[in-house]
Amino acid sequence: MRIMNGAALAKKIRSVLAIEIDFCKSKYGRAPKLSVILVGNDPASMTYVKNKGKSCNEVGIESDMHYLPFSTSQEELLSLIKTLNEDDSVDGILVQLPLPKHIDKNVILNAIDYHKDVDGLHPMNVGLLNTSEECIIPCTPKGILSLLKSENVEIAGKHTVVIGRSNLVGKPMAQLMLRENASVTVCHSKTRDLPYLTRQGEILIVAIGCPNLINADMIKPGAIVVDVGINSVDGKMVGDVYNSIDVSSIEKKAAAITPVPGGVGPMTIASLLENTFEIYKRRIHSAKC
C-alpha cells in the first residue's frame with residue numbers, strides 16, 4: 001500500500017504558484033489579493049484563518065484579514081461583503097465557517113460576488129459545476145482530484161463511493177468525479193447497509209467527520225482510499241479511516257490511502273491559493289479586454 005502524500009504535492013504547487021505570481025505581479029503591477037472574514041473567536045476557525053493568511057503570504061498573495069466580533073449583525077457583515085465585492089483590488093472573498101447562529105450562512109454566501117467566491121459555494125458556481133462549465137471548484141474536492149491525478153489514479157469508468165453529502169465536500173466531490181467519467185454512489189447518514197456499498201468502491205472518499213467509521217471489512221481489495229475526516233481523539237488528530245482501530249488490516253487491503261494529517265488538508269489550502277490566482281488572472285484578462 002502506498003501513502004498519497006498531499007503535503008509533498010501541496011509544497012510543489014505552492015512553489016510553482018510563487019514563481020507565477022511573482023511574474024504576474026511584475027507584469028500587471030499588482031499581486032492577487034484575498035480577503036478573509038472571520039466572525040467571532042472560535043479557536044479552530046482562528047487557526048484556520050491564520051494558516052490561510054500565512055500560506056497566502058508565502059506565495060505572494062496579499063491577504064486582507066477582517067476579524068469581526070461575535071456580536072456582528074448580519075446586516076453589518078453584508079455591508080462589508082458589499083464593500084469587498086465592489087473593491088477592484090480584491091480578487092477573492094472567503095467567509096470562514098461556521099458563522100454565529102444569529103447569521104444566516106446561506107444569505108451570506110449568496111451575497112458574495114460569485115466571480116470572487118474562492119470557496120465555490122455560491123449557487124452560481126454550484127450550478128456551473130453541475131453543468132461542467134468553467135467555474136470555481138470548492139477547495140477540498142479540487143485538492144482531492146489533483147492528488148488522485150498526481151498519483152496517476154485512473155478515474156474514468158471506476159466506481160467511486162463518496163461518503164458524505166455536504167455542500168463543501170461530498171456533493172461537489174461527486175460532481176467532479178462524474179465530470180471525470182467515474183460512476184458515483186453517494187452515501188450519507190440515512191444510507192442502508194453502508195458496508196455493502198463501500199465494498200463496491202474502487203475509489204472510496206470518506207468525508208463524514210466520524211473517527212473509526214471505516215474498517216478493513218468495508219474496503220474493496222485494491223481500493224484507493226481518500227480520508228477527508230479531521231477528528232480529535234485523546235488530543236490526537238485522526239481521520240475517518242486511516243487511524244482506525246483496524247489500521248494494519250486496512251493497510252494490507254487498500255492499494256493507496258491518504259494520511260491524516262498530511263493528506264487532504266494541505267491540498268485544500270493549496271487549492272485555495274490556486275483558486276485565488278485563477279480568479280486574479282480572469283479579472284486581469286477581463287479588464288484588458
# chains A, B, ... in the order shown; residues from 1 in each chain; ligands from 1
call {"tool": "residues_around", "arguments": {"residues": "region 153-170 of chain A", "least_positions_apart": "3", "cutoff": "9 Å", "atoms": "only C-alpha atoms", "output": "PDB file with C-alpha atoms, in the first residue's frame"}}
result
ATOM      1  CA  ASP A 119     -14.748  28.581  -1.875  1.00  0.00           C
ATOM      2  CA  GLY A 120     -17.017  27.843  -4.860  1.00  0.00           C
ATOM      3  CA  LEU A 121     -20.125  27.807  -2.650  1.00  0.00           C
ATOM      4  CA  VAL A 126     -22.568  25.183  -7.817  1.00  0.00           C
ATOM      5  CA  PRO A 138     -14.603  24.028  -3.887  1.00  0.00           C
ATOM      6  CA  CYS A 139     -11.105  23.707  -2.450  1.00  0.00           C
ATOM      7  CA  THR A 140     -11.209  20.272  -0.813  1.00  0.00           C
ATOM      8  CA  PRO A 141     -12.718  18.370  -3.783  1.00  0.00           C
ATOM      9  CA  LEU A 147      -3.890  14.451  -5.649  1.00  0.00           C
ATOM     10  CA  LEU A 148      -5.529  11.498  -7.418  1.00  0.00           C
ATOM     11  CA  LYS A 149      -4.258  12.706 -10.788  1.00  0.00           C
ATOM     12  CA  SER A 150      -0.761  13.280  -9.449  1.00  0.00           C
ATOM     13  CA  MET A 173     -16.796  15.765  -4.982  1.00  0.00           C
ATOM     14  CA  ALA A 174     -19.467  13.561  -6.543  1.00  0.00           C
ATOM     15  CA  GLN A 175     -19.968  16.071  -9.367  1.00  0.00           C
ATOM     16  CA  MET A 177     -15.906  12.522 -10.262  1.00  0.00           C
ATOM     17  CA  LEU A 178     -18.839  12.413 -12.657  1.00  0.00           C
ATOM     18  CA  GLU A 180     -14.076  12.643 -14.814  1.00  0.00           C
ATOM     19  CA  ASN A 181     -16.370   9.869 -16.101  1.00  0.00           C
ATOM     20  CA  ALA A 182     -16.490   7.804 -12.928  1.00  0.00           C
ATOM     21  CA  SER A 183     -19.653   6.008 -11.815  1.00  0.00           C
ATOM     22  CA  VAL A 184     -20.597   7.569  -8.479  1.00  0.00           C
ATOM     23  CA  THR A 185     -22.530   6.423  -5.416  1.00  0.00           C
ATOM     24  CA  VAL A 186     -23.139   8.927  -2.599  1.00  0.00           C
ATOM     25  CA  CYS A 187     -23.734   7.577   0.919  1.00  0.00           C
ATOM     26  CA  HIS A 188     -24.933   9.509   3.963  1.00  0.00           C
ATOM     27  CA  SER A 189     -26.471   9.156   7.410  1.00  0.00           C
ATOM     28  CA  LEU A 197     -21.830  -0.102  -0.721  1.00  0.00           C
ATOM     29  CA  THR A 198     -18.339   0.808   0.454  1.00  0.00           C
ATOM     30  CA  ARG A 199     -17.096  -2.619  -0.644  1.00  0.00           C
ATOM     31  CA  GLN A 200     -18.102  -1.667  -4.192  1.00  0.00           C
ATOM     32  CA  GLY A 201     -15.884   1.394  -4.216  1.00  0.00           C
ATOM     33  CA  GLU A 202     -12.781   1.172  -6.361  1.00  0.00           C
ATOM     34  CA  ILE A 203     -12.213   4.731  -5.161  1.00  0.00           C
ATOM     35  CA  LEU A 204     -13.555   5.398  -1.661  1.00  0.00           C
ATOM     36  CA  ILE A 205     -13.778   9.005  -0.460  1.00  0.00           C
ATOM     37  CA  VAL A 206     -14.795   9.418   3.181  1.00  0.00           C
ATOM     38  CA  ALA A 207     -15.877  12.873   4.392  1.00  0.00           C
ATOM     39  CA  ILE A 208     -18.089  12.409   7.423  1.00  0.00           C
ATOM     40  CA  GLY A 209     -16.042  13.529  10.418  1.00  0.00           C
ATOM     41  CA  ILE A 224      -7.925   3.871  -3.469  1.00  0.00           C
ATOM     42  CA  VAL A 228     -11.084  13.635   4.411  1.00  0.00           C
TER      43      VAL A 228
END
call {"tool": "residues_around", "arguments": {"residues": "Val118 (chain A)", "least_positions_apart": "6", "cutoff": "7 Å", "atoms": "only C-alpha atoms", "output": "mmCIF file with C-alpha atoms, in the first residue's frame"}}
result
data_model
loop_
_atom_site.group_PDB
_atom_site.id
_atom_site.type_symbol
_atom_site.label_atom_id
_atom_site.label_comp_id
_atom_site.auth_asym_id
_atom_site.auth_seq_id
_atom_site.Cartn_x
_atom_site.Cartn_y
_atom_site.Cartn_z
ATOM 1 C CA GLY A 92 -11.172 36.626 -3.763
ATOM 2 C CA ILE A 93 -13.506 36.704 -0.785
ATOM 3 C CA LEU A 94 -13.714 33.957 1.839
ATOM 4 C CA ILE A 136 -14.656 27.967 -9.166
ATOM 5 C CA LEU A 272 -7.462 27.882 -2.125
ATOM 6 C CA ASN A 275 -8.444 29.461 -6.877
ATOM 7 C CA THR A 276 -7.348 32.927 -5.782
#
call {"tool": "closest_residue", "arguments": {"among": "A:Ala31, A:Ile37, A:Met1, A:Val264", "to": "Pro221 (chain A)", "atoms": "only C-alpha atoms"}}
result
A:Met1
call {"tool": "atom_distance", "arguments": {"atom1": "CA of Ile108 (chain A)", "atom2": "CA of Ser35 (chain A)"}}
result
14.6 Å
